[in-house]
file data.cif (mmCIF, C-alpha atoms)
data_coords
loop_
_atom_site.group_PDB
_atom_site.id
_atom_site.type_symbol
_atom_site.label_atom_id
_atom_site.label_comp_id
_atom_site.auth_asym_id
_atom_site.auth_seq_id
_atom_site.Cartn_x
_atom_site.Cartn_y
_atom_site.Cartn_z
ATOM 1 C CA MET A 1 -101.507 24.886 6.120
ATOM 2 C CA SER A 2 -100.852 24.911 9.838
ATOM 3 C CA ALA A 3 -103.054 24.591 12.893
ATOM 4 C CA GLU A 4 -102.302 28.239 13.671
ATOM 5 C CA SER A 5 -104.429 29.281 10.691
ATOM 6 C CA GLY A 6 -107.447 27.536 12.195
ATOM 7 C CA THR A 7 -107.523 24.746 9.605
ATOM 8 C CA ILE A 8 -106.740 21.077 10.114
ATOM 9 C CA PRO A 9 -103.173 20.472 8.871
ATOM 10 C CA SER A 10 -102.871 18.057 5.960
ATOM 11 C CA GLY A 11 -99.246 16.992 6.203
ATOM 12 C CA ILE A 12 -97.582 13.862 7.528
ATOM 13 C CA GLY A 13 -94.504 14.684 9.574
ATOM 14 C CA PHE A 14 -91.224 12.875 10.135
ATOM 15 C CA ILE A 15 -88.448 13.953 12.502
ATOM 16 C CA GLY A 16 -85.116 12.104 12.319
ATOM 17 C CA LEU A 17 -83.629 10.745 9.084
ATOM 18 C CA GLY A 18 -80.841 8.593 10.458
ATOM 19 C CA ILE A 19 -80.155 4.915 9.813
ATOM 20 C CA MET A 20 -83.720 3.950 10.744
ATOM 21 C CA GLY A 21 -85.651 7.065 9.849
ATOM 22 C CA ARG A 22 -84.474 7.205 6.245
ATOM 23 C CA GLY A 23 -85.809 3.741 5.456
ATOM 24 C CA MET A 24 -89.043 4.325 7.354
ATOM 25 C CA VAL A 25 -89.893 7.615 5.697
ATOM 26 C CA SER A 26 -89.116 6.145 2.273
ATOM 27 C CA ARG A 27 -91.729 3.474 2.937
ATOM 28 C CA LEU A 28 -94.280 6.151 3.843
ATOM 29 C CA LEU A 29 -93.535 7.916 0.572
ATOM 30 C CA THR A 30 -93.839 4.843 -1.627
ATOM 31 C CA GLU A 31 -96.641 2.976 0.145
ATOM 32 C CA THR A 32 -99.010 5.662 1.547
ATOM 33 C CA SER A 33 -100.483 9.017 0.539
ATOM 34 C CA ALA A 34 -97.622 10.860 2.260
ATOM 35 C CA GLY A 35 -95.842 13.003 -0.308
ATOM 36 C CA SER A 36 -98.868 13.270 -2.588
ATOM 37 C CA PRO A 37 -100.079 16.674 -3.871
ATOM 38 C CA ASN A 38 -102.634 17.009 -1.066
ATOM 39 C CA VAL A 39 -100.627 15.329 1.715
ATOM 40 C CA PRO A 40 -97.122 16.789 1.875
ATOM 41 C CA LEU A 41 -94.418 14.934 3.758
ATOM 42 C CA ILE A 42 -92.921 17.492 6.140
ATOM 43 C CA CYS A 43 -89.473 16.475 7.397
ATOM 44 C CA TRP A 44 -86.717 17.750 9.654
ATOM 45 C CA ASN A 45 -83.334 16.359 10.599
ATOM 46 C CA ARG A 46 -80.460 17.719 12.673
ATOM 47 C CA THR A 47 -78.241 17.305 9.598
ATOM 48 C CA ALA A 48 -80.317 19.181 7.036
ATOM 49 C CA SER A 49 -78.559 17.644 4.028
ATOM 50 C CA LYS A 50 -80.283 14.330 4.755
ATOM 51 C CA CYS A 51 -83.618 15.994 4.061
ATOM 52 C CA GLN A 52 -82.328 17.180 0.679
ATOM 53 C CA ASP A 53 -81.050 13.659 -0.007
ATOM 54 C CA LEU A 54 -84.585 12.404 0.610
ATOM 55 C CA ILE A 55 -85.994 14.903 -1.890
ATOM 56 C CA ASP A 56 -83.387 13.896 -4.460
ATOM 57 C CA ALA A 57 -84.302 10.219 -4.024
ATOM 58 C CA HIS A 58 -88.035 10.905 -4.335
ATOM 59 C CA SER A 59 -88.155 13.807 -6.759
ATOM 60 C CA ASP A 60 -91.723 12.971 -7.792
ATOM 61 C CA LYS A 61 -93.042 13.409 -4.249
ATOM 62 C CA ASN A 62 -94.341 16.461 -2.406
ATOM 63 C CA ILE A 63 -91.673 16.775 0.297
ATOM 64 C CA VAL A 64 -91.154 19.914 2.356
ATOM 65 C CA ILE A 65 -88.102 20.585 4.531
ATOM 66 C CA ALA A 66 -89.158 22.299 7.740
ATOM 67 C CA SER A 67 -86.925 24.816 9.478
ATOM 68 C CA SER A 68 -87.536 23.249 12.897
ATOM 69 C CA PRO A 69 -89.314 20.346 14.610
ATOM 70 C CA ALA A 70 -91.994 22.820 15.744
ATOM 71 C CA GLU A 71 -92.723 23.700 12.127
ATOM 72 C CA VAL A 72 -93.118 20.010 11.271
ATOM 73 C CA VAL A 73 -95.664 19.539 14.044
ATOM 74 C CA SER A 74 -97.571 22.733 13.269
ATOM 75 C CA GLN A 75 -98.183 21.595 9.679
ATOM 76 C CA CYS A 76 -99.190 18.022 10.461
ATOM 77 C CA CYS A 77 -101.739 15.980 12.360
ATOM 78 C CA VAL A 78 -99.589 12.836 12.484
ATOM 79 C CA VAL A 79 -95.874 13.166 13.254
ATOM 80 C CA TYR A 80 -93.378 10.304 13.565
ATOM 81 C CA SER A 81 -90.092 10.812 15.382
ATOM 82 C CA ILE A 82 -87.090 8.542 15.756
ATOM 83 C CA LEU A 83 -83.875 9.899 17.244
ATOM 84 C CA SER A 84 -80.816 7.953 18.302
ATOM 85 C CA THR A 85 -80.430 8.600 22.032
ATOM 86 C CA PRO A 86 -82.435 9.862 25.015
ATOM 87 C CA GLU A 87 -80.248 12.969 25.054
ATOM 88 C CA ALA A 88 -80.866 13.767 21.379
ATOM 89 C CA SER A 89 -84.555 13.066 21.769
ATOM 90 C CA ARG A 90 -85.000 15.399 24.730
ATOM 91 C CA SER A 91 -82.949 18.138 23.104
ATOM 92 C CA VAL A 92 -85.086 18.091 19.954
ATOM 93 C CA PHE A 93 -88.348 17.642 21.833
ATOM 94 C CA GLU A 94 -87.919 20.398 24.409
ATOM 95 C CA ALA A 95 -85.990 23.012 22.426
ATOM 96 C CA THR A 96 -87.515 26.471 22.044
ATOM 97 C CA ASP A 97 -88.492 25.538 18.479
ATOM 98 C CA GLY A 98 -88.707 21.834 19.269
ATOM 99 C CA THR A 99 -91.381 19.217 18.795
ATOM 100 C CA LEU A 100 -93.360 20.091 21.904
ATOM 101 C CA SER A 101 -93.676 23.783 21.083
ATOM 102 C CA GLY A 102 -95.503 22.930 17.853
ATOM 103 C CA VAL A 103 -98.105 20.631 19.418
ATOM 104 C CA HIS A 104 -101.732 21.648 18.806
ATOM 105 C CA LYS A 105 -105.142 20.130 19.402
ATOM 106 C CA TYR A 106 -104.980 17.999 16.248
ATOM 107 C CA SER A 107 -101.504 16.585 16.981
ATOM 108 C CA ALA A 108 -100.763 12.885 17.210
ATOM 109 C CA ILE A 109 -97.098 12.444 18.144
ATOM 110 C CA ILE A 110 -95.692 8.951 17.573
ATOM 111 C CA ASP A 111 -92.221 8.366 19.000
ATOM 112 C CA CYS A 112 -90.485 5.321 17.532
ATOM 113 C CA ALA A 113 -87.151 5.617 19.355
ATOM 114 C CA THR A 114 -85.839 3.357 22.092
ATOM 115 C CA LEU A 115 -85.655 5.533 25.183
ATOM 116 C CA ALA A 116 -86.046 5.092 28.914
ATOM 117 C CA GLU A 117 -89.598 4.556 30.102
ATOM 118 C CA SER A 118 -89.381 7.832 32.039
ATOM 119 C CA ASP A 119 -88.576 9.677 28.792
ATOM 120 C CA MET A 120 -91.703 8.350 27.128
ATOM 121 C CA THR A 121 -93.999 9.084 30.067
ATOM 122 C CA ARG A 122 -92.609 12.610 30.380
ATOM 123 C CA MET A 123 -93.203 13.346 26.694
ATOM 124 C CA ALA A 124 -96.688 11.873 26.845
ATOM 125 C CA GLU A 125 -97.647 14.159 29.720
ATOM 126 C CA GLN A 126 -96.145 17.191 28.008
ATOM 127 C CA VAL A 127 -98.029 16.524 24.773
ATOM 128 C CA LYS A 128 -101.263 15.900 26.638
ATOM 129 C CA THR A 129 -100.858 19.166 28.553
ATOM 130 C CA ARG A 130 -100.768 21.016 25.228
ATOM 131 C CA GLY A 131 -103.921 19.282 24.015
ATOM 132 C CA GLY A 132 -102.297 16.714 21.744
ATOM 133 C CA ARG A 133 -102.196 12.910 21.730
ATOM 134 C CA PHE A 134 -99.141 10.700 22.182
ATOM 135 C CA MET A 135 -98.248 7.106 21.376
ATOM 136 C CA GLU A 136 -94.923 5.402 21.904
ATOM 137 C CA ALA A 137 -94.076 2.956 19.138
ATOM 138 C CA PRO A 138 -90.462 1.765 19.493
ATOM 139 C CA VAL A 139 -89.472 -0.472 16.629
ATOM 140 C CA SER A 140 -87.931 -3.913 16.634
ATOM 141 C CA GLY A 141 -85.680 -4.187 13.605
ATOM 142 C CA SER A 142 -82.658 -2.505 12.075
ATOM 143 C CA LYS A 143 -81.672 -0.811 8.812
ATOM 144 C CA GLY A 144 -82.696 -3.671 6.500
ATOM 145 C CA PRO A 145 -86.200 -4.134 7.939
ATOM 146 C CA ALA A 146 -86.670 -0.338 7.956
ATOM 147 C CA GLU A 147 -85.917 -0.239 4.235
ATOM 148 C CA SER A 148 -88.078 -3.267 3.416
ATOM 149 C CA GLY A 149 -91.037 -2.332 5.616
ATOM 150 C CA THR A 150 -90.717 -5.314 7.936
ATOM 151 C CA LEU A 151 -90.290 -3.583 11.291
ATOM 152 C CA ILE A 152 -92.328 -4.546 14.361
ATOM 153 C CA PHE A 153 -93.986 -1.684 16.241
ATOM 154 C CA LEU A 154 -94.467 -2.026 19.998
ATOM 155 C CA CYS A 155 -97.132 0.529 20.836
ATOM 156 C CA ALA A 156 -98.685 1.985 23.973
ATOM 157 C CA GLY A 157 -100.495 5.169 24.855
ATOM 158 C CA ASP A 158 -103.493 6.788 23.204
ATOM 159 C CA ARG A 159 -105.459 4.004 21.524
ATOM 160 C CA THR A 160 -107.236 6.477 19.238
ATOM 161 C CA VAL A 161 -103.867 7.230 17.638
ATOM 162 C CA PHE A 162 -103.208 3.533 17.045
ATOM 163 C CA GLU A 163 -106.648 3.125 15.462
ATOM 164 C CA GLU A 164 -106.496 6.244 13.277
ATOM 165 C CA VAL A 165 -106.685 5.383 9.579
ATOM 166 C CA ALA A 166 -103.603 7.388 8.585
ATOM 167 C CA VAL A 167 -101.567 5.833 11.385
ATOM 168 C CA THR A 168 -102.727 2.306 10.593
ATOM 169 C CA ALA A 169 -101.690 2.847 6.973
ATOM 170 C CA GLY A 170 -98.339 4.273 8.027
ATOM 171 C CA LEU A 171 -97.478 1.488 10.445
ATOM 172 C CA SER A 172 -98.524 -1.108 7.867
ATOM 173 C CA ALA A 173 -96.271 0.514 5.263
ATOM 174 C CA MET A 174 -93.280 0.580 7.594
ATOM 175 C CA GLY A 175 -93.776 -2.706 9.408
ATOM 176 C CA LYS A 176 -94.947 -6.291 9.213
ATOM 177 C CA ALA A 177 -96.654 -6.154 12.625
ATOM 178 C CA SER A 178 -97.951 -3.581 15.095
ATOM 179 C CA HIS A 179 -98.801 -4.544 18.662
ATOM 180 C CA PHE A 180 -100.822 -2.350 21.008
ATOM 181 C CA LEU A 181 -99.731 -3.357 24.490
ATOM 182 C CA ASN A 182 -101.435 -0.969 26.886
ATOM 183 C CA GLU A 183 -102.967 2.474 27.164
ATOM 184 C CA ALA A 184 -100.339 3.298 29.784
ATOM 185 C CA VAL A 185 -97.272 4.768 28.082
ATOM 186 C CA GLY A 186 -94.151 2.800 28.990
ATOM 187 C CA HIS A 187 -95.322 -0.697 28.123
ATOM 188 C CA GLY A 188 -94.023 -0.371 24.564
ATOM 189 C CA THR A 189 -90.615 0.652 25.856
ATOM 190 C CA ARG A 190 -90.576 -2.204 28.346
ATOM 191 C CA ALA A 191 -91.261 -4.684 25.546
ATOM 192 C CA LYS A 192 -88.582 -3.152 23.337
ATOM 193 C CA LEU A 193 -85.951 -3.307 26.078
ATOM 194 C CA VAL A 194 -86.741 -6.969 26.720
ATOM 195 C CA VAL A 195 -86.376 -7.717 22.997
ATOM 196 C CA ASN A 196 -83.139 -5.788 22.533
ATOM 197 C CA SER A 197 -81.488 -7.056 25.700
ATOM 198 C CA LEU A 198 -82.279 -10.610 24.626
ATOM 199 C CA MET A 199 -80.939 -9.911 21.135
ATOM 200 C CA GLY A 200 -77.704 -8.491 22.520
ATOM 201 C CA THR A 201 -77.310 -11.449 24.850
ATOM 202 C CA MET A 202 -77.830 -13.822 21.940
ATOM 203 C CA MET A 203 -75.203 -11.974 19.929
ATOM 204 C CA ALA A 204 -72.715 -12.216 22.805
ATOM 205 C CA ALA A 205 -73.436 -15.935 23.208
ATOM 206 C CA TYR A 206 -73.092 -16.607 19.478
ATOM 207 C CA SER A 207 -69.799 -14.697 19.520
ATOM 208 C CA GLU A 208 -68.468 -16.818 22.361
ATOM 209 C CA GLY A 209 -69.589 -20.016 20.635
ATOM 210 C CA LEU A 210 -67.859 -18.975 17.427
ATOM 211 C CA ALA A 211 -64.704 -17.969 19.302
ATOM 212 C CA LEU A 212 -64.663 -21.291 21.155
ATOM 213 C CA SER A 213 -65.068 -23.171 17.884
ATOM 214 C CA GLU A 214 -62.045 -21.455 16.409
ATOM 215 C CA ALA A 215 -60.028 -21.879 19.621
ATOM 216 C CA VAL A 216 -60.412 -25.668 19.517
ATOM 217 C CA GLY A 217 -59.627 -25.940 15.809
ATOM 218 C CA LEU A 218 -63.123 -26.198 14.342
ATOM 219 C CA PRO A 219 -63.773 -24.472 10.994
ATOM 220 C CA ALA A 220 -65.885 -21.381 11.690
ATOM 221 C CA GLU A 221 -67.845 -21.538 8.429
ATOM 222 C CA LYS A 222 -68.800 -25.163 9.051
ATOM 223 C CA MET A 223 -69.918 -24.366 12.593
ATOM 224 C CA VAL A 224 -72.188 -21.585 11.318
ATOM 225 C CA GLU A 225 -73.713 -24.138 8.945
ATOM 226 C CA ILE A 226 -74.148 -26.734 11.712
ATOM 227 C CA ILE A 227 -75.723 -24.263 14.128
ATOM 228 C CA GLY A 228 -78.090 -23.143 11.370
ATOM 229 C CA GLN A 229 -79.373 -26.706 10.971
ATOM 230 C CA GLY A 230 -80.265 -27.367 14.599
ATOM 231 C CA ALA A 231 -82.644 -26.236 17.294
ATOM 232 C CA VAL A 232 -80.529 -23.164 18.080
ATOM 233 C CA ALA A 233 -80.823 -21.845 14.523
ATOM 234 C CA SER A 234 -81.916 -18.209 14.327
ATOM 235 C CA PRO A 235 -82.275 -15.536 11.651
ATOM 236 C CA LEU A 236 -79.899 -13.374 13.695
ATOM 237 C CA TYR A 237 -77.042 -15.861 13.560
ATOM 238 C CA ALA A 238 -77.718 -16.797 9.948
ATOM 239 C CA LEU A 239 -77.270 -13.124 9.052
ATOM 240 C CA LYS A 240 -74.469 -12.141 11.412
ATOM 241 C CA GLY A 241 -72.426 -15.352 11.720
ATOM 242 C CA PRO A 242 -70.748 -15.144 8.297
ATOM 243 C CA LYS A 243 -70.174 -11.410 8.783
ATOM 244 C CA MET A 244 -68.499 -11.991 12.142
ATOM 245 C CA ILE A 245 -66.165 -14.522 10.539
ATOM 246 C CA ALA A 246 -65.316 -12.031 7.789
ATOM 247 C CA GLY A 247 -64.918 -9.142 10.238
ATOM 248 C CA ASN A 248 -67.636 -7.252 8.363
ATOM 249 C CA HIS A 249 -69.360 -5.007 10.878
ATOM 250 C CA ALA A 250 -70.866 -2.368 8.600
ATOM 251 C CA PRO A 251 -73.478 -0.705 10.836
ATOM 252 C CA ASN A 252 -77.095 -1.724 10.542
ATOM 253 C CA PHE A 253 -77.604 -1.393 14.301
ATOM 254 C CA PRO A 254 -74.658 0.501 15.824
ATOM 255 C CA LEU A 255 -73.061 -1.201 18.798
ATOM 256 C CA LYS A 256 -73.201 1.959 20.920
ATOM 257 C CA HIS A 257 -76.983 2.034 20.475
ATOM 258 C CA ALA A 258 -77.292 -1.666 21.259
ATOM 259 C CA HIS A 259 -75.392 -1.101 24.487
ATOM 260 C CA LYS A 260 -77.595 1.887 25.335
ATOM 261 C CA ASP A 261 -80.656 -0.376 25.116
ATOM 262 C CA MET A 262 -79.018 -3.124 27.160
ATOM 263 C CA ALA A 263 -78.038 -0.635 29.859
ATOM 264 C CA LEU A 264 -81.617 0.673 29.985
ATOM 265 C CA ALA A 265 -82.872 -2.914 30.261
ATOM 266 C CA LYS A 266 -80.400 -3.574 33.068
ATOM 267 C CA ASP A 267 -81.800 -0.623 34.996
ATOM 268 C CA MET A 268 -85.354 -1.793 34.297
ATOM 269 C CA ALA A 269 -84.569 -5.283 35.604
ATOM 270 C CA ALA A 270 -82.972 -3.860 38.743
ATOM 271 C CA GLY A 271 -86.041 -1.722 39.365
ATOM 272 C CA ALA A 272 -88.334 -4.702 38.927
ATOM 273 C CA GLY A 273 -86.205 -6.986 41.095
ATOM 274 C CA ALA A 274 -85.913 -9.463 38.223
ATOM 275 C CA GLU A 275 -83.128 -12.029 37.836
ATOM 276 C CA TYR A 276 -80.849 -10.675 35.128
ATOM 277 C CA SER A 277 -77.397 -12.168 35.699
ATOM 278 C CA VAL A 278 -76.902 -13.664 32.221
ATOM 279 C CA MET A 279 -77.950 -10.482 30.460
ATOM 280 C CA ASN A 280 -75.866 -8.407 32.883
ATOM 281 C CA SER A 281 -72.794 -10.327 31.718
ATOM 282 C CA ALA A 282 -73.670 -9.636 28.099
ATOM 283 C CA GLU A 283 -74.190 -5.943 28.882
ATOM 284 C CA ALA A 284 -70.699 -5.839 30.378
ATOM 285 C CA LEU A 285 -69.221 -7.239 27.149
ATOM 286 C CA PHE A 286 -71.072 -4.668 25.083
ATOM 287 C CA ARG A 287 -69.951 -1.897 27.433
ATOM 288 C CA LEU A 288 -66.354 -2.994 26.943
ATOM 289 C CA ALA A 289 -66.817 -2.921 23.165
ATOM 290 C CA ARG A 290 -68.587 0.444 23.269
ATOM 291 C CA ASP A 291 -65.697 1.977 25.198
ATOM 292 C CA ASN A 292 -63.367 1.046 22.342
ATOM 293 C CA GLU A 293 -63.613 3.760 19.671
ATOM 294 C CA MET A 294 -62.793 1.169 17.020
ATOM 295 C CA HIS A 295 -66.037 -0.704 17.708
ATOM 296 C CA ALA A 296 -68.600 1.770 19.084
ATOM 297 C CA ASN A 297 -69.922 2.952 15.712
ATOM 298 C CA LYS A 298 -69.747 -0.430 14.014
ATOM 299 C CA ASP A 299 -72.589 -2.928 13.908
ATOM 300 C CA PHE A 300 -73.425 -4.585 17.213
ATOM 301 C CA SER A 301 -71.899 -7.780 15.820
ATOM 302 C CA ALA A 302 -68.549 -6.089 16.511
ATOM 303 C CA VAL A 303 -68.866 -7.368 20.096
ATOM 304 C CA HIS A 304 -67.255 -10.446 18.534
ATOM 305 C CA GLU A 305 -63.995 -8.509 18.250
ATOM 306 C CA VAL A 306 -63.935 -8.148 22.048
ATOM 307 C CA VAL A 307 -64.906 -11.774 22.664
ATOM 308 C CA ASN A 308 -62.439 -13.098 20.108
ATOM 309 C CA LYS A 309 -59.466 -10.911 21.053
#

call {"tool": "encode", "arguments": {"input": "data.cif", "output": "structure tokens"}}
result
Amino acid sequence: MSAESGTIPSGIGFIGLGIMGRGMVSRLLTETSAGSPNVPLICWNRTASKCQDLIDAHSDKNIVIASSPAEVVSQCCVVYSILSTPEASRSVFEATDGTLSGVHKYSAIIDCATLAESDMTRMAEQVKTRGGRFMEAPVSGSKGPAESGTLIFLCAGDRTVFEEVAVTAGLSAMGKASHFLNEAVGHGTRAKLVVNSLMGTMMAAYSEGLALSEAVGLPAEKMVEIIGQGAVASPLYALKGPKMIAGNHAPNFPLKHAHKDMALAKDMAAGAGAEYSVMNSAEALFRLARDNEMHANKDFSAVHEVVNK
């Protein structure tokens, strides 16, 4: 049923079944009422075959493929969206049959993408104008945490959305922590850009340390072990260090998306007048790697191939 019929829609919606979305929606299906006989999971993706893949993987669930983002929203009260870039997000959101055109008085739109703060505030105002509610909830984590339900949600906006039972259940199914930062949309994005710019800078620094080790004749595997035993140990390096040595950059967090976040953080720092010289240097390395077609779609650990050329 849709809001147009005068009834409260019963579905849970999900827009975007890419690297992150696929794992997240699978968690909703296995850990919440989404996809049950009375609570259909309504999905849409730019590549429609990914929706069919989801049905094939969860054949026992009540999953409906919508013809458009607007149809998803019209049949749901709670809709999650996660798209890869600001350009893709705006295109899907503002299309004639896009997300915004389906918003109704029962709508709670939760955007989990990493966008510019201005993108989030614009969407929030547009949803509010149509009588709906909006919460930004960019996620910290990549493909593995999305699949295992260990993401971290950085939320801001309408607090009633954050406190809604269905949303609380959904965020708990998809993540290990959810933080509500402010009722002003934009604070979640700010937090996410700080986290991702720091993560990218750490990756660049680890890459340089590994390259230096090899340049002076130290065994790379032993250096990964040594670093993992000291104060600079981190889950990031424990996971990515061995893969960098092996040249295994299968994408969990594509480098081009990592650079997009670092560039947004660079702009944010400039606007705030904050010292950002170290992270600016890391952003430049990632930009160089992104501009190389061999690395752009690989995991962000592929920045090591630029450092260790």

call {"tool": "closest_residue", "arguments": {"input": "data.cif", "among": "A:Leu17, A:Ala137, A:Met174, A:Ile152", "to": "Thr32 of chain A", "atoms": "all atoms listed in the file"}}
result
A:Met174

call {"tool": "residues_around", "arguments": {"input": "data.cif", "residues": "Tyr206 of chain A", "least_positions_apart": "6", "cutoff": "12 Å", "atoms": "all atoms listed in the file", "output": "ChimeraX atom specification"}}
result
/A:199-200,212-213,220,223-224,227-228,232-234,236-242,244-245,282,301-304,307-308

call {"tool": "write_last_selection", "arguments": {"input": "data.cif", "atoms": "C-alpha atoms", "output": "mmCIF file, in the coordinates of the input"}}
result
data_model
loop_
_atom_site.group_PDB
_atom_site.id
_atom_site.type_symbol
_atom_site.label_atom_id
_atom_site.label_comp_id
_atom_site.auth_asym_id
_atom_site.auth_seq_id
_atom_site.Cartn_x
_atom_site.Cartn_y
_atom_site.Cartn_z
ATOM 1 C CA MET A 199 -80.939 -9.911 21.135
ATOM 2 C CA GLY A 200 -77.704 -8.491 22.520
ATOM 3 C CA LEU A 212 -64.663 -21.291 21.155
ATOM 4 C CA SER A 213 -65.068 -23.171 17.884
ATOM 5 C CA ALA A 220 -65.885 -21.381 11.690
ATOM 6 C CA MET A 223 -69.918 -24.366 12.593
ATOM 7 C CA VAL A 224 -72.188 -21.585 11.318
ATOM 8 C CA ILE A 227 -75.723 -24.263 14.128
ATOM 9 C CA GLY A 228 -78.090 -23.143 11.370
ATOM 10 C CA VAL A 232 -80.529 -23.164 18.080
ATOM 11 C CA ALA A 233 -80.823 -21.845 14.523
ATOM 12 C CA SER A 234 -81.916 -18.209 14.327
ATOM 13 C CA LEU A 236 -79.899 -13.374 13.695
ATOM 14 C CA TYR A 237 -77.042 -15.861 13.560
ATOM 15 C CA ALA A 238 -77.718 -16.797 9.948
ATOM 16 C CA LEU A 239 -77.270 -13.124 9.052
ATOM 17 C CA LYS A 240 -74.469 -12.141 11.412
ATOM 18 C CA GLY A 241 -72.426 -15.352 11.720
ATOM 19 C CA PRO A 242 -70.748 -15.144 8.297
ATOM 20 C CA MET A 244 -68.499 -11.991 12.142
ATOM 21 C CA ILE A 245 -66.165 -14.522 10.539
ATOM 22 C CA ALA A 282 -73.670 -9.636 28.099
ATOM 23 C CA SER A 301 -71.899 -7.780 15.820
ATOM 24 C CA ALA A 302 -68.549 -6.089 16.511
ATOM 25 C CA VAL A 303 -68.866 -7.368 20.096
ATOM 26 C CA HIS A 304 -67.255 -10.446 18.534
ATOM 27 C CA VAL A 307 -64.906 -11.774 22.664
ATOM 28 C CA ASN A 308 -62.439 -13.098 20.108
#

call {"tool": "closest_residue", "arguments": {"input": "data.cif", "among": "A:Leu54, A:Ile42, A:Met20, A:Met279", "to": "Ser67 of chain A", "atoms": "all atoms listed in the file"}}
result
A:Ile42

call {"tool": "residues_around", "arguments": {"input": "data.cif", "residues": "Pro37 of chain A", "least_positions_apart": "5", "cutoff": "10 Å", "atoms": "all atoms listed in the file", "output": "MDAnalysis selection string"}}
result
chainID A and resid 60:63

call {"tool": "resolve_selection", "arguments": {"input": "data.cif", "expression": "the PyMOL selection byres ((chain A and resi 187) around 9)", "output": "PyMOL selection string"}}
result
chain A and resi 117+136+154-157+181-186+188-192

call {"tool": "residues_around", "arguments": {"input": "data.cif", "residues": "Ala88 of chain A", "least_positions_apart": "4", "cutoff": "12 Å", "atoms": "only C-alpha atoms", "output": "list in words"}}
result
Ile15, Gly16, Asn45, Arg46, Ser81, Ile82, Leu83, Ser84, Val92, Phe93, Glu94, Ala95, Gly98, Ala113, Thr114, Leu115 and Asp119 of chain A

call {"tool": "closest_residue", "arguments": {"input": "data.cif", "among": "A:Cys51, A:Glu125, A:Val194, A:Ser178", "to": "Ala263 of chain A", "atoms": "only C-alpha atoms"}}
result
A:Val194

call {"tool": "resolve_selection", "arguments": {"input": "data.cif", "expression": "the PyMOL selection byres ((chain A and resi 300) around 9)", "output": "list of chain:residue names"}}
result
A:Gly200, A:Met203, A:His249, A:Pro251, A:Asn252, A:Phe253, A:Pro254, A:Leu255, A:Lys256, A:His257, A:Ala258, A:His259, A:Phe286, A:His295, A:Ala296, A:Asn297, A:Lys298, A:Asp299, A:Ser301, A:Ala302, A:Val303, A:His304

call {"tool": "closest_residue", "arguments": {"input": "data.cif", "among": "A:Gly18, A:Gly131, A:Gly23, A:Gly13", "to": "Ser49 of chain A", "atoms": "all atoms listed in the file"}}
result
A:Gly18

call {"tool": "closest_residue", "arguments": {"input": "data.cif", "among": "A:Met24, A:Ile19, A:Met262, A:Ala48", "to": "Ala116 of chain A", "atoms": "all atoms listed in the file"}}
result
A:Met262

call {"tool": "residues_around", "arguments": {"input": "data.cif", "residues": "Gly11 of chain A", "least_positions_apart": "3", "cutoff": "7 Å", "atoms": "all atoms listed in the file", "output": "MDAnalysis selection string"}}
result
chainID A and resid 39:42 75:77

call {"tool": "atom_distance", "arguments": {"input": "data.cif", "atom1": "atom CA of Ala250 of chain A", "atom2": "atom CA of Arg22 of chain A"}}
result
16.8 Å

call {"tool": "axis_aligned_box", "arguments": {"input": "data.cif", "around": "segment 241-252 of chain A", "padding_each_side": "5 Å", "output": "lines of an AutoDock Vina configuration file"}}
result
center_x = -71.0
center_y = -8.0
center_z = 10.0
size_x = 22.2
size_y = 24.6
size_z = 14.4

call {"tool": "closest_residue", "arguments": {"input": "data.cif", "among": "A:Met135, A:Met268, A:Glu163, A:Gln229", "to": "Ser118 of chain A", "atoms": "all atoms listed in the file"}}
result
A:Met268
